[in-house]
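Chemist: Following this line is structure-v1.tsv, made up of TSV, C-alpha atoms:
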```tsv
chain	number	residue	atom	x	y	z
A	1	MET	CA	0.00	0.00	0.00
A	2	LYS	CA	2.82	2.37	1.01
A	3	ASN	CA	4.62	1.60	-2.28
A	4	LEU	CA	1.46	2.22	-4.28
A	5	ILE	CA	0.98	5.67	-2.73
A	6	LEU	CA	4.63	6.50	-3.41
A	7	LEU	CA	4.22	5.41	-7.04
A	8	ILE	CA	1.08	7.50	-7.55
A	9	PHE	CA	2.78	10.51	-5.94
A	10	THR	CA	5.84	10.16	-8.21
A	11	MET	CA	3.65	9.80	-11.32
A	12	LEU	CA	1.72	12.91	-10.32
A	13	ILE	CA	4.91	14.99	-10.00
A	14	VAL	CA	6.30	13.72	-13.33
A	15	SER	CA	3.03	14.40	-15.13
A	16	CYS	CA	2.84	17.94	-13.71
A	17	THR	CA	6.44	18.70	-14.76
A	18	ASN	CA	5.75	17.44	-18.29
A	19	LYS	CA	2.58	19.52	-18.49
A	20	THR	CA	4.48	22.69	-17.58
A	21	LYS	CA	7.10	21.89	-20.23
A	22	GLY	CA	4.40	21.05	-22.74
A	23	ASN	CA	2.68	24.38	-22.15
A	24	ASN	CA	5.98	26.20	-22.60
A	25	VAL	CA	6.57	24.44	-25.91
A	26	SER	CA	3.10	25.22	-27.24
A	27	GLU	CA	3.45	28.86	-26.11
A	28	VAL	CA	6.66	29.26	-28.12
A	29	ILE	CA	5.26	27.50	-31.18
A	30	SER	CA	2.06	29.56	-31.08
A	31	PHE	CA	4.09	32.77	-30.79
A	32	MET	CA	6.24	31.85	-33.80
A	33	ILE	CA	3.25	30.88	-35.97
A	34	ASP	CA	1.69	34.31	-35.47
A	35	LYS	CA	5.04	35.98	-36.11
A	36	LYS	CA	5.99	34.09	-39.26
A	37	ALA	CA	2.76	33.02	-41.00
A	38	PHE	CA	1.95	35.58	-43.65
A	39	PRO	CA	0.66	35.15	-47.19
A	40	LEU	CA	2.84	35.13	-50.24
A	41	PRO	CA	2.98	38.72	-51.52
A	42	PRO	CA	1.84	39.02	-55.16
A	43	PRO	CA	4.35	40.26	-57.74
A	44	PRO	CA	4.20	43.93	-58.74
A	45	LEU	CA	1.02	44.47	-60.69
A	46	ASN	CA	-0.16	47.78	-62.08
A	47	GLY	CA	-2.60	49.45	-59.75
A	48	THR	CA	-2.35	47.21	-56.68
A	49	SER	CA	-3.82	49.53	-54.06
A	50	SER	CA	-2.60	49.71	-50.50
A	51	LYS	CA	-6.11	48.59	-49.45
A	52	VAL	CA	-5.58	45.30	-51.30
A	53	LYS	CA	-2.14	44.99	-49.72
A	54	ASP	CA	-3.58	45.57	-46.24
A	55	SER	CA	-6.34	43.03	-46.80
A	56	LEU	CA	-3.72	40.39	-47.60
A	57	LEU	CA	-2.32	40.80	-44.11
A	58	ASN	CA	-5.66	39.61	-42.71
A	59	LEU	CA	-5.72	36.36	-44.70
A	60	LYS	CA	-6.06	33.22	-42.59
A	61	LEU	CA	-3.57	30.55	-43.60
A	62	LYS	CA	-3.38	26.82	-43.13
A	63	VAL	CA	-0.16	26.09	-41.27
A	64	ALA	CA	1.26	22.57	-40.99
A	65	LEU	CA	3.69	21.55	-38.25
A	66	PHE	CA	6.43	19.05	-39.06
A	67	PRO	CA	6.10	16.41	-36.32
A	68	ILE	CA	9.78	15.66	-35.67
A	69	MET	CA	11.98	18.10	-33.75
A	70	GLU	CA	15.67	17.57	-34.39
A	71	ASP	CA	18.77	18.81	-32.57
A	72	VAL	CA	20.35	22.14	-33.45
A	73	GLU	CA	23.96	21.68	-34.59
A	74	VAL	CA	26.26	23.20	-31.96
A	75	GLU	CA	28.18	25.31	-34.48
A	76	LYS	CA	24.96	27.17	-35.36
A	77	ILE	CA	24.55	28.34	-31.76
A	78	PRO	CA	26.33	31.61	-30.90
A	79	GLU	CA	28.88	31.22	-28.08
A	80	GLU	CA	26.93	33.38	-25.63
A	81	TYR	CA	23.92	31.03	-25.72
A	82	ARG	CA	25.72	27.70	-25.55
A	83	TYR	CA	25.46	27.60	-21.73
A	84	ILE	CA	21.76	26.82	-22.21
A	85	LEU	CA	22.74	23.47	-23.72
A	86	LYS	CA	23.82	22.26	-20.26
A	87	ASN	CA	20.25	22.29	-18.96
A	88	GLN	CA	18.81	19.89	-21.51
A	89	ASP	CA	17.28	16.54	-20.75
A	90	GLY	CA	16.61	15.47	-24.33
A	91	ASP	CA	12.82	15.68	-24.14
A	92	PHE	CA	10.31	16.75	-26.77
A	93	GLU	CA	11.55	15.10	-29.90
A	94	LYS	CA	8.00	14.78	-31.17
A	95	LEU	CA	5.97	17.88	-31.68
A	96	ARG	CA	2.39	17.81	-30.43
A	97	GLN	CA	-0.38	20.04	-31.60
A	98	GLU	CA	-2.05	20.19	-28.18
A	99	ASN	CA	-2.41	23.76	-26.89
A	100	VAL	CA	-0.87	25.26	-30.04
A	101	TYR	CA	-3.08	28.11	-31.21
A	102	SER	CA	-3.00	31.20	-33.39
A	103	LYS	CA	-4.32	34.50	-32.09
A	104	LYS	CA	-4.49	35.67	-35.70
A	105	GLY	CA	-6.83	32.81	-36.58
A	106	HIS	CA	-4.53	30.66	-38.72
A	107	GLN	CA	-5.59	27.03	-38.94
A	108	ILE	CA	-2.98	24.65	-37.53
A	109	ILE	CA	-2.59	21.02	-38.57
A	110	MET	CA	0.09	18.34	-38.29
A	111	ALA	CA	1.98	17.62	-41.53
A	112	ASP	CA	1.67	14.17	-43.02
A	113	THR	CA	5.30	13.19	-43.66
A	114	ILE	CA	4.37	10.54	-46.24
A	115	GLU	CA	2.26	13.05	-48.16
A	116	LEU	CA	5.19	15.52	-48.08
A	117	LYS	CA	7.41	13.10	-50.00
A	118	LYS	CA	4.94	12.80	-52.87
A	119	SER	CA	5.13	16.34	-54.14
A	120	LYS	CA	7.48	19.31	-54.12
A	121	ASP	CA	4.47	21.58	-53.63
A	122	PHE	CA	2.23	21.59	-50.58
A	123	ASN	CA	-1.26	20.87	-51.83
A	124	SER	CA	-3.18	20.67	-48.57
A	125	PHE	CA	-1.74	23.63	-46.64
A	126	ASP	CA	-0.01	26.98	-47.18
A	127	LEU	CA	3.08	26.90	-44.98
A	128	LEU	CA	5.18	24.23	-43.33
A	129	PHE	CA	6.79	25.05	-39.97
A	130	HIS	CA	9.69	22.79	-39.04
A	131	PHE	CA	10.95	23.39	-35.49
A	132	SER	CA	14.13	21.99	-34.02
A	133	LYS	CA	14.07	20.91	-30.39
A	134	LEU	CA	13.49	23.85	-28.06
A	135	TYR	CA	16.34	24.50	-25.63
A	136	TYR	CA	15.25	26.31	-22.46
A	137	SER	CA	17.40	28.12	-19.95
A	138	LYS	CA	17.19	26.81	-16.39
A	139	ASP	CA	14.71	29.51	-15.30
A	140	LYS	CA	12.63	28.96	-18.50
A	141	GLN	CA	12.90	32.65	-19.35
A	142	LYS	CA	14.95	32.07	-22.50
A	143	VAL	CA	14.69	29.54	-25.27
A	144	PHE	CA	16.59	28.95	-28.48
A	145	PHE	CA	15.74	26.84	-31.53
A	146	GLU	CA	15.96	26.68	-35.30
A	147	LEU	CA	12.85	27.20	-37.40
A	148	GLY	CA	12.37	26.40	-41.09
A	149	VAL	CA	9.36	27.96	-42.81
A	150	SER	CA	8.56	26.70	-46.32
A	151	ARG	CA	6.01	27.55	-48.98
A	152	SER	CA	7.12	24.48	-50.95
A	153	ARG	CA	9.98	22.00	-50.70
A	154	LEU	CA	11.97	24.28	-52.99
A	155	ALA	CA	11.01	27.61	-51.38
A	156	GLY	CA	11.76	28.38	-47.78
A	157	GLN	CA	14.23	29.62	-45.22
A	158	SER	CA	15.54	28.64	-41.83
A	159	THR	CA	16.47	30.95	-38.99
A	160	PHE	CA	18.06	30.54	-35.56
A	161	TYR	CA	16.04	32.26	-32.82
A	162	VAL	CA	16.53	33.16	-29.20
A	163	LEU	CA	13.33	34.23	-27.43
A	164	LYS	CA	13.15	35.94	-24.06
A	165	LYS	CA	10.16	36.09	-21.74
A	166	GLN	CA	9.31	39.54	-20.43
A	167	ASN	CA	6.17	40.36	-18.44
A	168	ASP	CA	5.01	36.82	-19.16
A	169	LYS	CA	5.23	37.38	-22.95
A	170	TRP	CA	7.75	35.93	-25.40
A	171	GLY	CA	9.74	38.28	-27.63
A	172	VAL	CA	12.65	37.79	-30.04
A	173	GLU	CA	15.99	38.61	-28.41
A	174	TYR	CA	18.21	37.41	-31.26
A	175	SER	CA	17.77	35.91	-34.72
A	176	LYS	CA	20.15	34.81	-37.45
A	177	PRO	CA	19.18	33.57	-40.95
A	178	LEU	CA	20.76	30.16	-41.57
A	179	SER	CA	19.77	28.99	-45.03
A	180	ILE	CA	17.34	29.43	-47.90
A	181	TRP	CA	16.03	26.90	-50.37
B	1	MET	CA	37.50	41.46	-73.53
B	2	LYS	CA	35.33	44.10	-71.90
B	3	ILE	CA	37.11	47.29	-70.90
B	4	TYR	CA	35.75	49.13	-67.86
B	5	ARG	CA	36.09	52.90	-67.82
B	6	ASN	CA	34.64	53.61	-64.37
B	7	SER	CA	33.99	51.87	-61.09
B	8	GLU	CA	30.18	52.22	-61.44
B	9	ASN	CA	30.17	49.87	-64.42
B	10	ILE	CA	32.33	47.37	-62.55
B	11	GLU	CA	29.96	47.53	-59.56
B	12	ARG	CA	26.93	47.08	-61.82
B	13	ASP	CA	28.42	44.04	-63.59
B	14	LEU	CA	29.45	42.51	-60.29
B	15	LYS	CA	25.86	42.89	-59.04
B	16	ILE	CA	24.49	41.27	-62.21
B	17	LEU	CA	26.96	38.39	-61.99
B	18	ASN	CA	26.09	37.85	-58.34
B	19	LEU	CA	22.37	37.71	-59.21
B	20	GLU	CA	23.07	35.23	-61.98
B	21	ARG	CA	25.07	33.11	-59.59
B	22	GLN	CA	22.12	33.07	-57.15
B	23	ILE	CA	19.68	32.08	-59.92
B	24	ALA	CA	22.03	29.31	-61.09
B	25	TRP	CA	22.23	28.12	-57.48
B	26	GLU	CA	18.42	27.85	-57.38
B	27	GLU	CA	18.57	25.70	-60.49
B	28	ILE	CA	21.29	23.49	-59.03
B	29	LYS	CA	19.23	23.04	-55.85
B	30	ALA	CA	16.35	21.67	-57.89
B	31	VAL	CA	18.68	19.05	-59.38
B	32	LYS	CA	20.12	18.25	-55.96
B	33	GLU	CA	16.60	17.71	-54.59
B	34	GLU	CA	15.94	15.12	-57.31
B	35	TYR	CA	19.08	13.24	-56.36
B	36	LYS	CA	18.11	13.22	-52.71
B	37	GLU	CA	14.97	11.39	-53.82
B	38	ASP	CA	16.55	8.98	-56.27
B	39	PHE	CA	19.78	8.01	-54.53
B	40	ARG	CA	18.80	7.27	-51.02
B	41	PRO	CA	21.12	4.69	-49.44
B	42	TYR	CA	18.57	1.92	-49.66
B	43	ASN	CA	18.18	2.50	-53.40
B	44	TRP	CA	21.78	2.83	-54.31
B	45	ILE	CA	24.62	2.26	-51.85
B	46	GLN	CA	27.16	5.04	-52.43
B	47	SER	CA	29.64	6.85	-50.23
B	48	GLY	CA	28.71	10.39	-49.21
B	49	LEU	CA	31.66	11.79	-51.12
B	50	LYS	CA	30.72	9.97	-54.32
B	51	ILE	CA	27.16	11.28	-54.03
B	52	ALA	CA	28.50	14.80	-53.39
B	53	ALA	CA	30.74	14.51	-56.48
B	54	LEU	CA	27.77	13.28	-58.48
B	55	ILE	CA	25.61	16.19	-57.35
B	56	LEU	CA	28.39	18.64	-58.26
B	57	HIS	CA	28.81	16.97	-61.64
B	58	GLU	CA	25.10	17.14	-62.40
B	59	GLY	CA	24.94	20.65	-61.01
B	60	ILE	CA	27.62	21.80	-63.44
B	61	HIS	CA	25.66	20.13	-66.25
B	62	ALA	CA	22.58	22.03	-65.17
B	63	GLU	CA	24.46	25.34	-65.05
B	64	ILE	CA	26.04	24.84	-68.49
B	65	HIS	CA	22.75	23.64	-69.94
B	66	GLY	CA	20.88	26.55	-68.36
B	67	PHE	CA	23.38	29.10	-69.64
B	68	VAL	CA	23.40	27.72	-73.19
B	69	SER	CA	19.64	27.29	-73.45
B	70	ARG	CA	19.13	30.84	-72.12
B	71	TYR	CA	21.57	32.12	-74.75
B	72	GLU	CA	19.88	30.08	-77.49
B	73	ALA	CA	16.46	31.29	-76.40
B	74	GLY	CA	17.65	34.86	-76.95
B	75	VAL	CA	17.70	35.94	-73.31
B	76	GLU	CA	20.17	38.77	-72.82
B	77	PRO	CA	21.84	37.80	-69.54
B	78	ASN	CA	22.91	41.36	-68.72
B	79	ASN	CA	19.49	42.94	-69.10
B	80	ARG	CA	17.42	42.16	-66.07
B	81	PRO	CA	15.52	45.28	-65.03
B	82	ARG	CA	12.55	43.11	-64.05
B	83	LEU	CA	14.67	41.28	-61.51
B	84	PHE	CA	15.67	44.55	-59.88
B	85	LYS	CA	12.02	45.65	-59.90
B	86	LEU	CA	11.06	42.45	-58.10
B	87	TYR	CA	13.85	43.01	-55.57
B	88	ALA	CA	12.60	46.53	-54.81
B	89	HIS	CA	8.97	45.34	-54.65
B	90	TYR	CA	9.61	42.52	-52.17
B	91	LYS	CA	11.88	44.68	-50.05
B	92	GLY	CA	8.81	46.89	-49.67
B	93	TRP	CA	6.79	43.91	-48.47
B	94	ALA	CA	9.42	43.13	-45.85
B	95	GLU	CA	8.75	46.56	-44.38
B	96	LYS	CA	4.99	45.97	-44.53
B	97	TYR	CA	5.22	42.65	-42.67
B	98	GLN	CA	7.54	44.20	-40.09
B	99	ASP	CA	9.40	40.92	-39.96
B	100	GLU	CA	13.13	41.48	-39.77
B	101	ASP	CA	13.81	37.87	-40.79
B	102	TYR	CA	11.53	37.74	-43.84
B	103	ASN	CA	13.75	36.68	-46.72
B	104	TRP	CA	12.18	38.84	-49.42
B	105	LYS	CA	14.99	38.05	-51.90
B	106	GLN	CA	13.81	34.46	-52.01
B	107	ASP	CA	10.28	35.51	-53.05
B	108	ALA	CA	11.78	37.82	-55.70
B	109	HIS	CA	13.85	34.91	-57.07
B	110	HIS	CA	10.93	32.50	-57.23
B	111	ASN	CA	8.68	35.02	-58.93
B	112	TYR	CA	11.42	35.70	-61.45
B	113	MET	CA	11.67	31.96	-62.04
B	114	VAL	CA	7.89	31.77	-62.57
B	115	GLU	CA	8.05	34.57	-65.13
B	116	ASN	CA	11.09	33.29	-67.00
B	117	TYR	CA	12.05	29.71	-66.33
B	118	VAL	CA	8.99	27.44	-66.00
B	119	THR	CA	8.66	26.80	-69.73
B	120	GLN	CA	12.43	26.55	-70.11
B	121	ILE	CA	12.66	23.85	-67.46
B	122	ALA	CA	9.73	21.97	-69.02
B	123	SER	CA	11.31	22.26	-72.44
B	124	ALA	CA	14.69	20.97	-71.17
B	125	ILE	CA	13.02	17.96	-69.51
B	126	ARG	CA	11.15	17.27	-72.74
B	127	GLN	CA	14.46	17.23	-74.63
B	128	ILE	CA	15.96	14.82	-72.09
B	129	ASP	CA	12.92	12.58	-72.67
B	130	ASN	CA	13.63	12.66	-76.43
B	131	ASN	CA	10.68	14.98	-77.15
B	132	LYS	CA	8.30	12.05	-76.78
B	133	TYR	CA	5.25	14.15	-75.91
B	134	PRO	CA	4.10	17.74	-76.53
B	135	LEU	CA	5.46	20.42	-74.17
B	136	SER	CA	2.26	20.52	-72.10
B	137	TYR	CA	3.07	17.03	-70.79
B	138	TYR	CA	6.25	18.39	-69.16
B	139	MET	CA	4.91	21.63	-67.66
B	140	ALA	CA	4.50	20.06	-64.19
B	141	TYR	CA	8.31	19.69	-64.02
B	142	GLY	CA	8.70	23.41	-64.68
B	143	TRP	CA	6.17	24.29	-61.99
B	144	ASP	CA	7.66	21.99	-59.33
B	145	GLY	CA	8.03	23.94	-56.11
B	146	LEU	CA	6.59	27.08	-57.71
B	147	THR	CA	2.85	26.40	-57.94
B	148	LYS	CA	1.92	28.76	-55.07
B	149	TYR	CA	3.91	31.53	-56.76
B	150	GLY	CA	2.07	30.70	-59.99
B	151	TYR	CA	-1.35	30.94	-58.31
B	152	THR	CA	-0.50	34.26	-56.65
B	153	ALA	CA	0.82	35.73	-59.90
B	154	LYS	CA	-2.27	34.38	-61.71
B	155	ARG	CA	-0.06	32.50	-64.16
B	156	LEU	CA	-1.32	29.09	-63.05
B	157	SER	CA	-4.73	27.86	-61.91
B	158	ILE	CA	-5.53	24.88	-59.70
B	159	SER	CA	-7.28	23.10	-62.59
B	160	GLN	CA	-4.31	23.78	-64.89
B	161	ASN	CA	-1.98	22.33	-62.28
B	162	LYS	CA	-4.21	19.26	-61.97
B	163	THR	CA	-4.05	18.74	-65.73
B	164	ASN	CA	-0.26	19.21	-65.66
B	165	GLN	CA	0.07	16.54	-62.96
B	166	GLU	CA	-2.09	14.09	-64.94
B	167	LEU	CA	0.00	14.62	-68.07
B	168	ARG	CA	3.20	14.15	-66.08
B	169	ARG	CA	1.90	10.83	-64.78
B	170	ILE	CA	1.62	9.63	-68.41
B	171	VAL	CA	5.23	10.72	-69.08
B	172	GLU	CA	6.52	8.97	-65.96
B	173	GLN	CA	4.79	5.71	-66.79
B	174	LYS	CA	6.48	5.54	-70.18
B	175	THR	CA	9.87	7.20	-69.74
B	176	GLN	CA	13.02	5.06	-69.83
B	177	ILE	CA	15.25	7.75	-68.28
B	178	CYS	CA	16.86	6.48	-65.05
B	179	LYS	CA	14.72	3.35	-64.92
```
The structure given in the file should be rewritten as structure tokens.
Modeler:
Amino acid sequence: MKNLILLIFTMLIVSCTNKTKGNNVSEVISFMIDKKAFPLPPPPLNGTSSKVKDSLLNLKLKVALFPIMEDVEVEKIPEEYRYILKNQDGDFEKLRQENVYSKKGHQIIMADTIELKKSKDFNSFDLLFHFSKLYYSKDKQKVFFELGVSRSRLAGQSTFYVLKKQNDKWGVEYSKPLSIW
Amino acid sequence: MKIYRNSENIERDLKILNLERQIAWEEIKAVKEEYKEDFRPYNWIQSGLKIAALILHEGIHAEIHGFVSRYEAGVEPNNRPRLFKLYAHYKGWAEKYQDEDYNWKQDAHHNYMVENYVTQIASAIRQIDNNKYPLSYYMAYGWDGLTKYGYTAKRLSISQNKTNQELRRIVEQKTQICK
């Protein structure tokens, strides 16, 4: 009986810790979706009014999340942020959609990796977000990661980000473009 | 040999050459992507270095082929005002989105490719396939990775793309290239 209580207690603590981490992950992902999901701007056409341009900013997009979160290569991490690597426990290799939301109203789905291999263009969504693992500082007030955003398999870019939490809100502290395709 | 009389001309030519290099790189990437698909280790056991050498080899083919076919098609490689217009246009969008990381050059490149290279790519693939079918059967190859840009620029419709994909399926069933 004593052992059973101890087991339940341990499970409760572990589940609570994971939930906090999970919420942190979804917070960061949600923040980045609203920051980076915008429609493809049309090429210069004669007479495109600023009203039309503004209306494009309100378009709701279908955003797909790549389900696997890989490591960031150490050489991509600036020296001053490498200390954060020491706090990692190797969790969150699989991205979950739970609690991920868009304040701007974008629709969020999980990408089908088999479907992705069939075509160079994305036929069932507008943008693919591919996150690396998220690396948090010990106090959870900073996080760094790599993010690839693609409009097709041949059109996209990846960027290294460091976010900082201030007044309970995430903001970009540092970013560095890594590659384009 | 071209003789430069002032530094402005040198600067201008360097800019043009750099843009051409970036466009050629886009073309090479498309070839590289194909090899990633076709030469996965379980399909064809090769060392990484051999695969890298192969990609470089094919990339150089693509660059030479691209340069020659552009020349033969009458494209003047030093006259690209449209490209600069696209650069200026998408730089403007970067300011509108207020996203310091938005890579507007990439959107300029892909739109330029839509306007100038889709038919050329399709035509080159048709040649590789010994001109077996009319050009329309190969258009899907030209649009690969660019369909969203085509829709936005109103140069491609969803139904057109569907037709292109169906025609490509016919080509792929019959082609003997790399089989």
Chemist: As a list in words, could you give me every residue of chain B near chain A (at most 8 Å apart, counting only C-alpha atoms)?
Modeler: Glu26, Lys29, Ala30, Leu86, His89, Tyr90, Trp93, Tyr97, Asp99, Asp101, Asn103, Gln106, Asp107, His110, Asn111, Asp144, Gly145, Leu146, Thr147, Lys148, Tyr149, Thr152 and Ala153 of chain B
Chemist: Which is closest to Ser102 in chain A among A:Tyr83, A:Phe31, A:Phe144, A:Trp170, if we use all atoms listed in the file?
Modeler: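 Using all atoms listed in the file, Ser102 in chain A sits closest to A:Phe31.
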Chemist: Tell me, in Å to one decimal, how far CA of Met69 in chain A is from CA of Leu95 in chain A.
Modeler: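 Spanning CA of Met69 in chain A to CA of Leu95 in chain A is a straight-line distance of 6.4 Å.
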Chemist: My list of candidates is A:Val100, A:Leu127, A:Val28, A:Leu59. Which is closest to Asp168 in chain A when distances are computed with all atoms listed in the file?
Modeler: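 Closest residue, counting all atoms listed in the file: A:Val28.
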Chemist: Go through B:Tyr137, B:Tyr102, B:Leu156, B:Lys96 and flag the residue nearest Ala37 in chain A, using all atoms listed in the file for the distances.
Modeler: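 Once distances to Ala37 in chain A are computed over all atoms listed in the file, the minimum belongs to B:Tyr102.
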Chemist: Would you mind reading off the distance between CA of His109 in chain B and CA of Met110 in chain A, one decimal, in Å?
Modeler: 28.6 Å
Chemist: Could you tell me how far CA of Lys60 in chain A sits from CA of Gly92 in chain B, in Å to one decimal place?
Modeler: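 Result for CA of Gly92 in chain B versus CA of Lys60 in chain A: 21.4 Å, one decimal.
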Chemist: Which polymer residues have any atom within 10 Å of an atom of His130 in chain A, counting all atoms listed in the file, with same-chain residues fewer than 5 positions away left out, as a PyMOL selection string?
Modeler: chain A and resi 64-70+95+111+146-150+158
Chemist: Given the selection you just returned, output its residues as a file containing C-alpha atoms, formatted as a compact mmCIF listing (two decimals), in the coordinates of the input.
Modeler:
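Saved file again02.txt follows:
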```
# COMPACT_ATOMS: atom_id res chain seq x y z
CA ALA A 64 1.26 22.57 -40.99
CA LEU A 65 3.69 21.55 -38.25
CA PHE A 66 6.43 19.05 -39.06
CA PRO A 67 6.10 16.41 -36.32
CA ILE A 68 9.78 15.66 -35.67
CA MET A 69 11.98 18.10 -33.75
CA GLU A 70 15.67 17.57 -34.39
CA LEU A 95 5.97 17.88 -31.68
CA ALA A 111 1.98 17.62 -41.53
CA GLU A 146 15.96 26.68 -35.30
CA LEU A 147 12.85 27.20 -37.40
CA GLY A 148 12.37 26.40 -41.09
CA VAL A 149 9.36 27.96 -42.81
CA SER A 150 8.56 26.70 -46.32
CA SER A 158 15.54 28.64 -41.83
```
Chemist: Could you pull the residues within 12 Å of Gly142 in chain B, counting only C-alpha atoms, minus those fewer than 3 positions along the same chain, as a ChimeraX atom specification?
Modeler: /A:120-121 /B:27,30,110,113-126,135-139,145-147,150,156,161,164-165,168
